[in-house]
Amino acid sequence: MITSAPSTAAAWLPGPDPIHLEPGELSQACTRFRESAHVLKHAETGRVAVGFGGHVEWVEGPTEWILLGALPPLWPEWLGDRGFNETHRVRFPYIGGEMANGIASVEMVIALAEAGMLGFFGAAGLSPVRIEESVKILAEKLGTEAEPGSRPWGANLIHSLHEPALEERTVDIFLAHGVSRVSASAFMGLTPAIVRYAFKGVHLNAEGHLVRPHHVFAKISRPETARAFISPPPAAMLQTLVERGGLTPEEAALAARLPVAEDITAESDSGGHTDNRPLGSLFPTIRTLADQLAREYGYKRPIRVGAAGGLGTPAAVAAAFAYGAAYVMTGSINQSAREAGQSEAARKMLALADMADVVMCPAGDMFELGVKVQVLKKGTMFASRAQRLYDLYSGYDSLESLPADVRSKLEKDILQQSVEAVWDECMRYFTMRDPLQLARAERDPKHRMALVFRWYLGQSSRWAIAGIPERRMDYQIWCGPAMGAFNAWAKGTFLEDPAQRGVVQMGLNLLEGAAVATRAQQLRCYGAPIPPNAFDFRPRPLTI
């Protein structure tokens, strides 16, 4: 029976596609996000449904289905900021993050680029020779920004607290080989190296438009660090760079009016260096700060804020976009991908992790400061052994002051060789890398102890990458809770098997699922009784 509607109403007249009214049908409707959807109310019963196809007419008198709202097609490509896609020439607002020591491998960056995503090579922790070899390959395979038909890609520049010369050398390599995108990580403030990279070559073209050949993505987890990257660089630093020949006066003049980074990645609880901040608290704070500073400095171009950390499920990705993220960056989960520069043994360990199987422990690069990183706890004793080293460093002034029994246990259980043998390796390494460290160790026995302990912290990640079986219990595998969430989501699907985890398939499934969740929420906001299982997209093989 059809009852009277208002004298004039928007009526929906169905086509051949049946109306989606029952819970199972409504769940299916959420998966059809690439089609226009109509939210309808039955004039007699008041039940809300979803319809596809058909057509809308303004009618007078009785009608069966009243139109409540119409939703246009939704695509995973559109979930983020379209300006991000256009600026960086990518199809998807999705980044594979720069896992250190080449774990974010050349193969991974190429796979992401060919799928229309952006990948950053994990240059942190590698020698300048290895970095240069890798970016040469990427430039050859994918091209550089100035070359027609090139695909976008980038590399990591990590803050080198103890080795500023290494930071400068890395920038030299990037500039020499056309690396046009850098993800800056672990920075506590600006350094001359990142400012030089950001503004080298900046100019106004013939039409008076600003051209920035180099894009900095600043990965941050604190407002004070974000402020430094969103603001123009300090005048004194620019002047010093000009005096040293790092920037021309013209480049410095433009730099004084521009932010160091136009892409800010708000990194919440993640693997490796992290402040363990929840995205729901961090992202809105950074987004608001970016807007305030853009108004304060009168920027003509927008500051884009992306989200990273904890993004291991479609729901998490959808939430990040709902916060307003211009793009999302994944990290921990990609270590289990087959393209990752990580051993099969380590990838299998990651694939078995639960959300609680991670722990904070001392960081190798900032050991003396007590800075911590988040690592995998399950299947390895690295975290407890790293903490033991920091406790010894805090409690004693030198290796020679360690009690005999403590030193014996250190050599047997952790170093698995004598302190002298480790120190010999340290001397060979720093003779080539940074002789100043050895000179300091001669003057300061505590620094010598730190270098020996940092040897273990540095080698532990390399043992994991190489898959050294006899050092399995010493594997340092950077990992956040997103890994456990991903594993729980992938369980029972083709992505449960690490051998099936291609980095592109992982990304496509996260974006596809995020689009499903977004559509489900849109329909629910219009009053459709969307069942909870509509938000639970399950992984499946997808094509681009």
# chains A, B, ... in the order shown; residues from 1 in each chain; ligands from 1

$ residues_around --residues "Leu238 of chain A" --least-positions-apart "5" --cutoff "12 Å" --atoms "only C-alpha atoms" --output "count of residues only"
28

$ residues_around --residues "segment 420-427 of chain A" --least-positions-apart "2" --cutoff "10 Å" --atoms "only C-alpha atoms" --output "PyMOL selection string"
chain A and resi 411+415-418+429-435+437-438+448-449+451-456

$ residues_around --residues "Gly24 of chain A" --least-positions-apart "3" --cutoff "10 Å" --atoms "only C-alpha atoms" --output "VMD selection string"
chain A and resid 20 to 21 27 to 29 530 to 531 533 to 534

$ select_by_dssp --residues "segment 331-506 of chain A" --states "strand (DSSP E or B)" --output "ChimeraX atom specification"
/A:358-362,372-376,478

$ atom_distance --atom1 "atom CA of Val305 of chain A" --atom2 "atom CA of Gln239 of chain A"
28.8 Å

$ residues_around --residues "Ile465 of chain A" --least-positions-apart "5" --cutoff "9 Å" --atoms "only C-alpha atoms" --output "ChimeraX atom specification"
/A:101,103,341-346,460,475,477

$ residues_around --residues "segment 487-490 of chain A" --least-positions-apart "3" --cutoff "12 Å" --atoms "only C-alpha atoms" --output "MDAnalysis selection string"
chainID A and resid 311:316 332:334 336 347:357 481:484 493:498 500:501 505:506 509:510 513 536:540

$ closest_residue --among "A:Gly125, A:Gly480, A:Ala517, A:Ala290" --to "Gln459 of chain A" --atoms "only C-alpha atoms"
A:Gly125

$ residues_around --residues "segment 157-164 of chain A" --least-positions-apart "5" --cutoff "12 Å" --atoms "only C-alpha atoms" --output "number ranges by chain"
A: 97-101, 120-126, 128, 131, 169-174, 179, 181-195, 197-198, 216-220, 273, 364-369, 371, 430, 433-437, 440, 447, 451

$ residues_around --residues "Lys446 of chain A" --least-positions-apart "3" --cutoff "10 Å" --atoms "only C-alpha atoms" --output "number ranges by chain"
A: 368, 393-394, 396-401, 440-443, 449-452

$ closest_residue --among "A:Pro403, A:Gly143, A:Gly507, A:Pro14" --to "Glu77 of chain A" --atoms "only C-alpha atoms"
A:Gly507

$ closest_residue --among "A:Gly102, A:Tyr94, A:Lys300, A:Glu339" --to "Arg82 of chain A" --atoms "only C-alpha atoms"
A:Tyr94

$ select_by_dssp --residues "segment 291-493 of chain A" --states "alpha helix (DSSP H)" --output "MDAnalysis selection string"
chainID A and resid 291:297 314:323 344:351 382:395 404:409 419:433 435:443 445:466 482:490

$ atom_distance --atom1 "atom CA of Arg222 of chain A" --atom2 "atom CA of Gly306 of chain A"
14.0 Å

$ closest_residue --among "A:Glu224, A:Glu35, A:Asp263, A:Asp269" --to "Leu289 of chain A" --atoms "only C-alpha atoms"
A:Glu224

$ atom_distance --atom1 "atom CA of Val39 of chain A" --atom2 "atom CA of Gly61 of chain A"
20.1 Å

$ closest_residue --among "A:Glu267, A:Asp81, A:Glu145, A:Asp391" --to "Thr330 of chain A" --atoms "only C-alpha atoms"
A:Glu267

$ closest_residue --among "A:Arg388, A:Lys372, A:Arg151, A:Arg34" --to "Val109 of chain A" --atoms "only C-alpha atoms"
A:Arg151
